[in-house]
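**Student:** Below is the file my_file23.tsv, which contains TSV, C-alpha atoms.
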```tsv
chain	number	residue	atom	x	y	z
A	1	MET	CA	0.00	0.00	0.00
A	2	SER	CA	1.33	3.38	-0.92
A	3	THR	CA	2.31	5.56	1.96
A	4	GLU	CA	3.46	8.53	-0.07
A	5	THR	CA	2.51	11.73	1.67
A	6	THR	CA	2.37	15.43	0.95
A	7	VAL	CA	3.48	16.70	4.33
A	8	ASP	CA	3.45	20.43	4.90
A	9	HIS	CA	6.03	21.40	7.53
A	10	SER	CA	5.80	25.12	6.90
A	11	HIS	CA	3.66	25.91	9.97
A	12	ASN	CA	5.83	24.90	12.93
A	13	ASP	CA	6.30	28.28	14.58
A	14	HIS	CA	4.29	27.63	17.74
A	15	ASP	CA	7.28	27.54	20.08
A	16	SER	CA	5.48	29.59	22.70
A	17	HIS	CA	2.70	27.08	23.04
A	18	ASP	CA	2.52	25.13	26.30
A	19	ASP	CA	2.55	21.75	24.62
A	20	ALA	CA	5.09	21.77	21.85
A	21	HIS	CA	4.28	18.26	20.72
A	22	VAL	CA	0.56	18.90	20.37
A	23	SER	CA	1.25	22.20	18.65
A	24	HIS	CA	3.63	20.59	16.17
A	25	THR	CA	1.20	17.78	15.40
A	26	ALA	CA	-1.60	20.27	14.94
A	27	SER	CA	0.53	22.18	12.48
A	28	LYS	CA	0.59	19.11	10.25
A	29	HIS	CA	-3.20	19.35	9.88
A	30	GLY	CA	-4.47	18.95	6.36
A	31	HIS	CA	-2.20	16.38	4.74
A	32	GLY	CA	-2.45	12.78	3.71
A	33	LEU	CA	-1.83	10.69	0.62
A	34	THR	CA	-1.59	12.05	-2.88
A	35	ASP	CA	-4.65	11.66	-5.14
A	36	LEU	CA	-2.99	8.65	-6.77
A	37	GLY	CA	-2.42	7.17	-3.32
A	38	TYR	CA	-6.15	7.52	-2.54
A	39	VAL	CA	-7.03	5.76	-5.81
A	40	LYS	CA	-4.70	2.89	-4.86
A	41	VAL	CA	-6.37	2.60	-1.45
A	42	ALA	CA	-9.80	2.55	-3.15
A	43	ILE	CA	-8.65	-0.26	-5.46
A	44	ILE	CA	-7.48	-2.28	-2.44
A	45	LEU	CA	-10.88	-1.69	-0.78
A	46	ALA	CA	-12.69	-2.79	-3.94
A	47	VAL	CA	-10.59	-5.97	-4.11
A	48	MET	CA	-11.35	-6.73	-0.45
A	49	THR	CA	-15.09	-6.22	-1.10
A	50	GLY	CA	-14.87	-8.58	-4.08
A	51	ALA	CA	-13.09	-11.14	-1.89
A	52	GLU	CA	-15.85	-10.88	0.74
A	53	VAL	CA	-18.58	-11.55	-1.82
A	54	THR	CA	-16.58	-14.40	-3.40
A	55	LEU	CA	-16.21	-16.06	0.02
A	56	THR	CA	-20.00	-16.32	0.37
A	57	TYR	CA	-20.14	-18.54	-2.75
A	58	MET	CA	-17.26	-20.81	-1.73
A	59	HIS	CA	-19.06	-22.98	0.88
A	60	LEU	CA	-16.18	-22.82	3.36
A	61	PRO	CA	-16.41	-24.36	6.86
A	62	GLY	CA	-18.36	-22.03	9.18
A	63	GLY	CA	-15.45	-21.06	11.42
A	64	VAL	CA	-13.05	-20.31	8.55
A	65	PHE	CA	-15.75	-18.38	6.67
A	66	MET	CA	-16.59	-16.22	9.69
A	67	ALA	CA	-12.92	-15.59	10.54
A	68	LEU	CA	-12.09	-14.52	6.97
A	69	LEU	CA	-15.17	-12.31	6.63
A	70	LEU	CA	-14.63	-10.58	9.96
A	71	THR	CA	-10.93	-10.07	9.21
A	72	LEU	CA	-11.75	-8.47	5.85
A	73	MET	CA	-14.41	-6.30	7.49
A	74	VAL	CA	-11.97	-5.03	10.14
A	75	LEU	CA	-9.28	-4.41	7.51
A	76	LYS	CA	-11.68	-2.41	5.32
A	77	PHE	CA	-12.88	-0.43	8.34
A	78	TRP	CA	-9.33	0.34	9.43
A	79	THR	CA	-8.25	1.30	5.91
A	80	VAL	CA	-11.05	3.84	5.46
A	81	VAL	CA	-10.57	5.31	8.93
A	82	SER	CA	-6.78	5.50	8.63
A	83	PHE	CA	-6.38	6.80	5.08
A	84	PHE	CA	-9.65	8.37	3.91
A	85	MET	CA	-10.46	9.88	7.32
A	86	HIS	CA	-6.78	10.81	7.79
A	87	LEU	CA	-6.50	9.38	11.32
A	88	ARG	CA	-3.11	7.91	10.40
A	89	PHE	CA	-1.78	11.37	9.61
A	90	ASP	CA	-3.72	13.45	12.11
A	91	ASN	CA	-3.34	14.25	15.80
A	92	ARG	CA	-3.63	11.22	18.08
A	93	ILE	CA	-6.32	12.90	20.16
A	94	PHE	CA	-8.76	12.29	17.28
A	95	THR	CA	-7.73	8.63	17.18
A	96	TRP	CA	-8.33	8.28	20.90
A	97	LEU	CA	-11.72	10.03	20.70
A	98	PHE	CA	-12.99	7.82	17.93
A	99	TYR	CA	-11.58	4.49	19.04
A	100	THR	CA	-12.75	5.12	22.62
A	101	GLY	CA	-16.32	5.40	21.35
A	102	LEU	CA	-15.87	2.39	19.09
A	103	ILE	CA	-14.30	0.13	21.73
A	104	LEU	CA	-16.88	1.23	24.29
A	105	ALA	CA	-19.66	0.35	21.83
A	106	VAL	CA	-18.15	-3.06	21.04
A	107	CYS	CA	-17.69	-3.91	24.74
A	108	VAL	CA	-21.17	-2.73	25.76
A	109	TYR	CA	-22.94	-4.66	23.01
A	110	VAL	CA	-20.85	-7.83	23.32
A	111	ILE	CA	-21.81	-7.86	27.03
A	112	ALA	CA	-25.44	-7.12	26.14
A	113	LEU	CA	-25.53	-9.91	23.55
A	114	SER	CA	-23.89	-12.28	26.05
A	115	THR	CA	-26.65	-11.63	28.58
A	116	PHE	CA	-29.13	-12.76	25.92
A	117	GLN	CA	-26.98	-15.89	25.38
A	118	PHE	CA	-26.45	-14.85	21.76
A	119	PHE	CA	-23.07	-16.58	21.54
A	120	ALA	CA	-24.16	-19.73	23.41
A	121	SER	CA	-26.36	-21.07	20.59
A	122	SER	CA	-23.47	-21.29	18.14
B	1	MET	CA	-12.82	23.90	25.10
B	2	ALA	CA	-12.19	27.60	25.57
B	3	ASP	CA	-10.24	29.52	22.97
B	4	THR	CA	-7.07	31.18	24.25
B	5	ALA	CA	-7.11	34.96	24.13
B	6	THR	CA	-3.39	35.75	23.97
B	7	PRO	CA	-2.58	38.15	21.13
B	8	GLU	CA	0.47	36.10	20.06
B	9	ILE	CA	-1.55	32.97	19.42
B	10	ALA	CA	-4.35	35.00	17.85
B	11	VAL	CA	-1.84	36.39	15.36
B	12	HIS	CA	-0.66	32.86	14.58
B	13	ALA	CA	-4.26	31.77	14.06
B	14	ASP	CA	-4.83	34.58	11.57
B	15	ALA	CA	-1.61	33.74	9.76
B	16	HIS	CA	-2.62	30.12	9.35
B	17	ALA	CA	-6.35	30.56	8.91
B	18	ASP	CA	-6.19	29.91	5.19
B	19	HIS	CA	-4.13	26.77	5.66
B	20	GLY	CA	-6.19	25.20	8.45
B	21	ALA	CA	-3.16	24.78	10.73
B	22	GLY	CA	-2.25	25.90	14.25
B	23	HIS	CA	-5.68	26.56	15.73
B	24	ALA	CA	-5.76	29.06	18.61
B	25	THR	CA	-7.32	26.67	21.09
B	26	SER	CA	-6.07	25.17	24.34
B	27	THR	CA	-5.23	21.94	22.48
B	28	GLY	CA	-3.89	23.56	19.32
B	29	LEU	CA	-6.55	21.61	17.43
B	30	SER	CA	-9.71	22.67	15.70
B	31	ASN	CA	-12.65	22.54	18.11
B	32	ASN	CA	-14.97	21.79	15.20
B	33	LYS	CA	-12.90	18.76	14.28
B	34	LEU	CA	-12.72	17.58	17.89
B	35	ALA	CA	-16.51	17.88	18.15
B	36	MET	CA	-16.98	15.97	14.90
B	37	TRP	CA	-14.78	13.08	16.07
B	38	MET	CA	-16.61	13.03	19.40
B	39	PHE	CA	-19.92	12.92	17.54
B	40	LEU	CA	-18.69	10.06	15.36
B	41	GLY	CA	-17.52	8.17	18.45
B	42	SER	CA	-21.01	8.54	19.92
B	43	GLU	CA	-22.57	7.40	16.64
B	44	CYS	CA	-20.67	4.12	17.09
B	45	LEU	CA	-22.84	3.52	20.15
B	46	LEU	CA	-26.04	4.27	18.22
B	47	PHE	CA	-25.24	1.91	15.36
B	48	GLY	CA	-23.78	-0.66	17.77
B	49	GLY	CA	-27.20	-0.80	19.47
B	50	LEU	CA	-29.06	-1.15	16.18
B	51	ILE	CA	-26.70	-3.84	14.86
B	52	SER	CA	-26.88	-5.80	18.13
B	53	THR	CA	-30.68	-5.66	18.08
B	54	TYR	CA	-30.68	-6.98	14.52
B	55	MET	CA	-28.27	-9.79	15.44
B	56	LEU	CA	-30.60	-10.81	18.29
B	57	TYR	CA	-33.78	-10.79	16.22
B	58	ARG	CA	-32.66	-11.86	12.75
B	59	GLY	CA	-33.83	-15.41	13.44
B	60	ARG	CA	-37.34	-14.28	14.47
B	61	HIS	CA	-39.12	-14.49	11.11
B	62	ASP	CA	-41.88	-17.02	11.78
B	63	GLY	CA	-44.20	-17.46	8.81
B	64	SER	CA	-42.41	-15.05	6.50
B	65	PRO	CA	-39.40	-15.28	4.16
B	66	SER	CA	-36.03	-15.71	5.92
B	67	PRO	CA	-33.12	-13.30	5.40
B	68	SER	CA	-31.32	-15.74	3.10
B	69	GLN	CA	-34.45	-16.04	0.91
B	70	LEU	CA	-34.95	-12.27	0.76
B	71	TYR	CA	-31.50	-10.77	0.31
B	72	ASN	CA	-30.39	-9.90	-3.19
B	73	LEU	CA	-26.62	-10.22	-2.73
B	74	PRO	CA	-25.56	-9.06	-6.22
B	75	LEU	CA	-27.60	-5.86	-5.90
B	76	THR	CA	-26.33	-5.14	-2.37
B	77	SER	CA	-22.74	-5.89	-3.45
B	78	VAL	CA	-22.98	-3.35	-6.27
B	79	SER	CA	-24.54	-0.70	-4.01
B	80	SER	CA	-21.81	-1.36	-1.40
B	81	PHE	CA	-19.19	-0.86	-4.11
B	82	VAL	CA	-20.89	2.40	-5.14
B	83	LEU	CA	-20.83	3.70	-1.55
B	84	LEU	CA	-17.18	2.66	-1.18
B	85	MET	CA	-16.27	4.57	-4.34
B	86	SER	CA	-18.16	7.61	-3.03
B	87	SER	CA	-15.62	7.64	-0.19
B	88	LEU	CA	-12.87	7.91	-2.81
B	89	THR	CA	-14.56	10.84	-4.55
B	90	MET	CA	-15.13	12.49	-1.16
B	91	VAL	CA	-11.48	12.24	-0.16
B	92	LEU	CA	-10.51	13.63	-3.59
B	93	ALA	CA	-12.85	16.57	-2.89
B	94	VAL	CA	-11.12	17.15	0.45
B	95	SER	CA	-7.73	16.95	-1.28
B	96	ALA	CA	-8.84	19.52	-3.88
B	97	ALA	CA	-10.18	21.79	-1.12
B	98	GLN	CA	-6.79	21.65	0.63
B	99	ARG	CA	-5.14	22.70	-2.64
B	100	GLU	CA	-7.73	25.54	-2.82
B	101	ASP	CA	-8.96	24.16	-6.14
B	102	GLU	CA	-12.66	24.93	-5.62
B	103	ARG	CA	-13.82	23.93	-9.10
B	104	THR	CA	-12.42	20.39	-8.79
B	105	CYS	CA	-13.68	20.20	-5.21
B	106	SER	CA	-17.24	21.08	-6.29
B	107	THR	CA	-17.09	18.49	-9.08
B	108	TRP	CA	-15.99	15.68	-6.72
B	109	LEU	CA	-18.59	16.71	-4.12
B	110	THR	CA	-21.31	16.52	-6.77
B	111	VAL	CA	-20.09	13.08	-7.93
B	112	THR	CA	-20.09	11.94	-4.28
B	113	ALA	CA	-23.70	13.12	-3.85
B	114	LEU	CA	-24.73	11.31	-7.04
B	115	LEU	CA	-23.09	8.07	-5.89
B	116	GLY	CA	-24.82	8.46	-2.52
B	117	ALA	CA	-28.15	9.00	-4.28
B	118	THR	CA	-27.53	5.81	-6.31
B	119	PHE	CA	-26.97	3.90	-3.06
B	120	VAL	CA	-30.18	5.28	-1.51
B	121	GLY	CA	-32.07	4.47	-4.72
B	122	ALA	CA	-30.86	0.85	-4.54
B	123	GLN	CA	-31.95	0.71	-0.90
B	124	VAL	CA	-35.43	2.02	-1.72
B	125	PHE	CA	-35.68	-0.59	-4.51
B	126	GLU	CA	-34.60	-3.31	-2.06
B	127	PHE	CA	-37.14	-2.22	0.57
B	128	THR	CA	-39.90	-2.20	-2.06
B	129	GLU	CA	-38.97	-5.71	-3.19
B	130	PHE	CA	-38.96	-7.00	0.39
B	131	TYR	CA	-42.35	-5.42	1.05
B	132	HIS	CA	-43.85	-7.11	-2.02
B	133	GLU	CA	-42.41	-10.42	-0.82
B	134	GLY	CA	-44.25	-10.06	2.47
B	135	LEU	CA	-41.79	-8.41	4.83
B	136	GLY	CA	-43.27	-5.24	6.32
B	137	PHE	CA	-41.94	-3.16	9.20
B	138	THR	CA	-44.33	-4.82	11.68
B	139	THR	CA	-44.44	-8.31	10.10
B	140	ASN	CA	-42.03	-9.80	12.65
B	141	LEU	CA	-39.04	-8.90	14.81
B	142	PHE	CA	-36.61	-9.61	11.97
B	143	GLY	CA	-38.43	-7.12	9.71
B	144	SER	CA	-38.58	-4.44	12.41
B	145	SER	CA	-34.90	-4.73	13.32
B	146	PHE	CA	-33.78	-4.96	9.67
B	147	TYR	CA	-35.74	-1.91	8.50
B	148	THR	CA	-34.73	0.10	11.58
B	149	LEU	CA	-31.01	-0.62	11.12
B	150	THR	CA	-30.78	-0.16	7.35
B	151	GLY	CA	-33.35	2.67	7.42
B	152	PHE	CA	-31.31	4.61	9.99
B	153	HIS	CA	-28.25	4.16	7.81
B	154	GLY	CA	-30.20	5.28	4.73
B	155	VAL	CA	-31.33	8.42	6.58
B	156	HIS	CA	-27.70	9.15	7.46
B	157	VAL	CA	-26.73	8.82	3.78
B	158	THR	CA	-29.62	11.09	2.78
B	159	VAL	CA	-28.58	13.73	5.33
B	160	GLY	CA	-25.03	13.44	3.93
B	161	ILE	CA	-26.31	14.04	0.38
B	162	ILE	CA	-28.22	17.14	1.55
B	163	MET	CA	-25.07	18.44	3.28
B	164	LEU	CA	-22.98	17.78	0.16
B	165	MET	CA	-25.38	19.62	-2.13
B	166	ALA	CA	-25.64	22.53	0.33
B	167	LEU	CA	-21.85	22.63	0.47
B	168	VAL	CA	-21.57	22.73	-3.33
B	169	GLY	CA	-24.08	25.59	-3.44
B	170	MET	CA	-22.24	27.53	-0.73
B	171	LEU	CA	-18.84	26.92	-2.36
B	172	ASN	CA	-20.11	28.16	-5.73
B	173	ARG	CA	-21.54	31.29	-4.12
B	174	GLY	CA	-18.46	31.85	-1.96
B	175	LYS	CA	-20.59	31.81	1.18
B	176	ILE	CA	-18.37	29.64	3.38
B	177	PRO	CA	-16.71	31.79	6.04
B	178	GLY	CA	-13.25	30.96	7.42
B	179	ASN	CA	-11.37	27.82	6.52
B	180	ARG	CA	-13.15	26.21	3.56
B	181	ALA	CA	-10.91	23.13	3.49
B	182	GLU	CA	-11.87	22.35	7.08
B	183	VAL	CA	-15.59	22.63	6.32
B	184	VAL	CA	-15.19	20.19	3.41
B	185	GLU	CA	-13.14	17.89	5.66
B	186	MET	CA	-15.87	17.92	8.37
B	187	ILE	CA	-18.52	16.80	5.89
B	188	GLY	CA	-16.02	14.30	4.50
B	189	LEU	CA	-15.56	12.77	7.95
B	190	TYR	CA	-19.32	12.32	8.29
B	191	TRP	CA	-19.52	10.77	4.82
B	192	HIS	CA	-16.67	8.32	5.48
B	193	PHE	CA	-18.31	7.35	8.77
B	194	VAL	CA	-21.51	6.46	6.91
B	195	ASP	CA	-19.33	4.32	4.64
B	196	ILE	CA	-17.59	2.46	7.48
B	197	VAL	CA	-20.94	1.75	9.15
B	198	TRP	CA	-22.07	0.18	5.87
B	199	ILE	CA	-18.89	-1.92	5.74
B	200	VAL	CA	-19.97	-3.46	9.06
B	201	ILE	CA	-23.67	-3.78	8.08
B	202	PHE	CA	-22.82	-5.38	4.73
B	203	THR	CA	-20.75	-8.08	6.42
B	204	LEU	CA	-22.84	-8.76	9.51
B	205	VAL	CA	-26.29	-8.41	7.92
B	206	TYR	CA	-25.94	-9.51	4.31
B	207	LEU	CA	-22.90	-11.80	4.09
B	208	ILE	CA	-23.19	-13.80	7.30
B	209	PRO	CA	-26.24	-16.08	7.02
B	210	SER	CA	-28.57	-16.30	9.99
```
Spit out the file's structure as structure tokens when you get a sec.

**Tutor:**
Amino acid sequence: MSTETTVDHSHNDHDSHDDAHVSHTASKHGHGLTDLGYVKVAIILAVMTGAEVTLTYMHLPGGVFMALLLTLMVLKFWTVVSFFMHLRFDNRIFTWLFYTGLILAVCVYVIALSTFQFFASS
Amino acid sequence: MADTATPEIAVHADAHADHGAGHATSTGLSNNKLAMWMFLGSECLLFGGLISTYMLYRGRHDGSPSPSQLYNLPLTSVSSFVLLMSSLTMVLAVSAAQREDERTCSTWLTVTALLGATFVGAQVFEFTEFYHEGLGFTTNLFGSSFYTLTGFHGVHVTVGIIMLMALVGMLNRGKIPGNRAEVVEMIGLYWHFVDIVWIVIFTLVYLIPS
């Protein structure tokens, strides 16, 4: 996967700021991959989607099928969040904010589903 | 988060206003962007609840067609691909906005809205087909949870389309105050979120049989 970036380091004159690290990271706001890099990421996402659909016609054993599908789903999710939503290039506070909500949601609903014995039947 | 009032930082903010860098806030980050990420984090809880409810009730379809009999996988696969590609056009719009190329940005935003409208059109077609096959909103728990989950997502896409078209109109009229690239990026974040929610729904609802 291409990781070529168009980093703009021209705005790093916040020396007087209390938190130099945060200030420096903030100054890198507004960069990411090149347009060609985004197209490459989209092609990878399209291939992964094609692989997901193909898996449903392959009659694989249940456990293998589920593991592959869930892995592809997580990879697609991570790719969009990291590259298209720029979390990979942006300040880590945004990453923490988003993944806190996401992890909280996963934990809460896995516990909720467990109380309904959702996982026991399989 | 309160904005700092020191003249030095205010000067820096003015100097960088056009580039979207070095915000004059206590974190050095854009408050709008922080709020958007917080909102998206909270949306994870909303969709988590809807997806969990569907997972619990997808087997409750007594006397009506089952999910595997109803779902039209080729159609949903194509509409998923369309929504995925709309994320590409959205990020290209953000990229153009950061280069201050407003004409290209407006073009990509319009293409994104059209792709989104195609997705919603496919969803309306799917709902109509399901209804004719006997699955209404109140037919059974599977129907209620399915329509609620996918309907909520469809409403989010529709709101995104409205925001995109409003943004194109405002860009063309030059009515966006302040940092235009950041405004485009905010709407882009919302649009990509709608896409990642569909990535999860497509796998858990359509690809994994009940």

**Student:** Select, counting only C-alpha atoms, all protein, DNA and RNA residues no farther than 10 Å from (-14.7, -3.9, 8.5) in file coordinates, and express the selection as a list in words.

**Tutor:**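 It turns out the residues near that spot are Met48, Thr49, Leu69, Leu70, Thr71, Leu72, Met73, Val74, Leu75, Lys76, Phe77, Trp78, Thr79 and Val80 of chain A; Ile196, Val197, Trp198, Ile199, Val200, Ile201, Phe202, Thr203 and Leu204 of chain B.
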
**Student:** With all atoms listed in the file as the atoms that count, which of A:Leu68, A:Val110, A:Met85, A:Ala105 lies nearest to Tyr38 (chain A)?

**Tutor:**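 Result for the nearest residue to Tyr38 (chain A): A:Met85.
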
**Student:** Let me make sure I understand: among B:Gln69, B:Thr76, B:Gln98, B:Thr27, which one has the smallest atom-to-atom distance to Arg180 (chain B) if we use all atoms listed in the file?

**Tutor:**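 Going through B:Gln69, B:Thr76, B:Gln98, B:Thr27 one by one, the smallest distance to Arg180 (chain B) is for B:Gln98.
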
**Student:** Select, counting all atoms listed in the file, all protein, DNA and RNA residues no farther than 12 Å from (-15.0, 6.6, -4.7) in file coordinates, and express the selection as a VMD selection string.

**Tutor:** (chain A and resid 35 38 to 46 80 84) or (chain B and resid 80 to 93 108 to 116 191 to 192 195)

**Student:** Between CA of Val155 (chain B) and CA of Gly121 (chain B), measure the distance and give it in Å to one decimal.

**Tutor:**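 Computing it gives 12.0 Å between the two atoms.
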
**Student:** Work out how far apart CA of Leu141 (chain B) and CA of Arg60 (chain B) are and give it in Å to one decimal.

**Tutor:**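 Between CA of Leu141 (chain B) and CA of Arg60 (chain B) the gap is 5.7 Å.
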
**Student:** Could you list, as a PyMOL selection string, the residues of chain B having an atom within 6 Å of chain A when counting all atoms listed in the file?

**Tutor:** chain B and resi 21-22+28-29+37-38+41-42+44-45+48+91+189+196

**Student:** Between CA of Thr158 (chain B) and CA of Gly188 (chain B), what is the distance in Å, rounded to a tenth?

**Tutor:**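 So the two atoms, CA of Thr158 (chain B) and CA of Gly188 (chain B), lie 14.1 Å apart.
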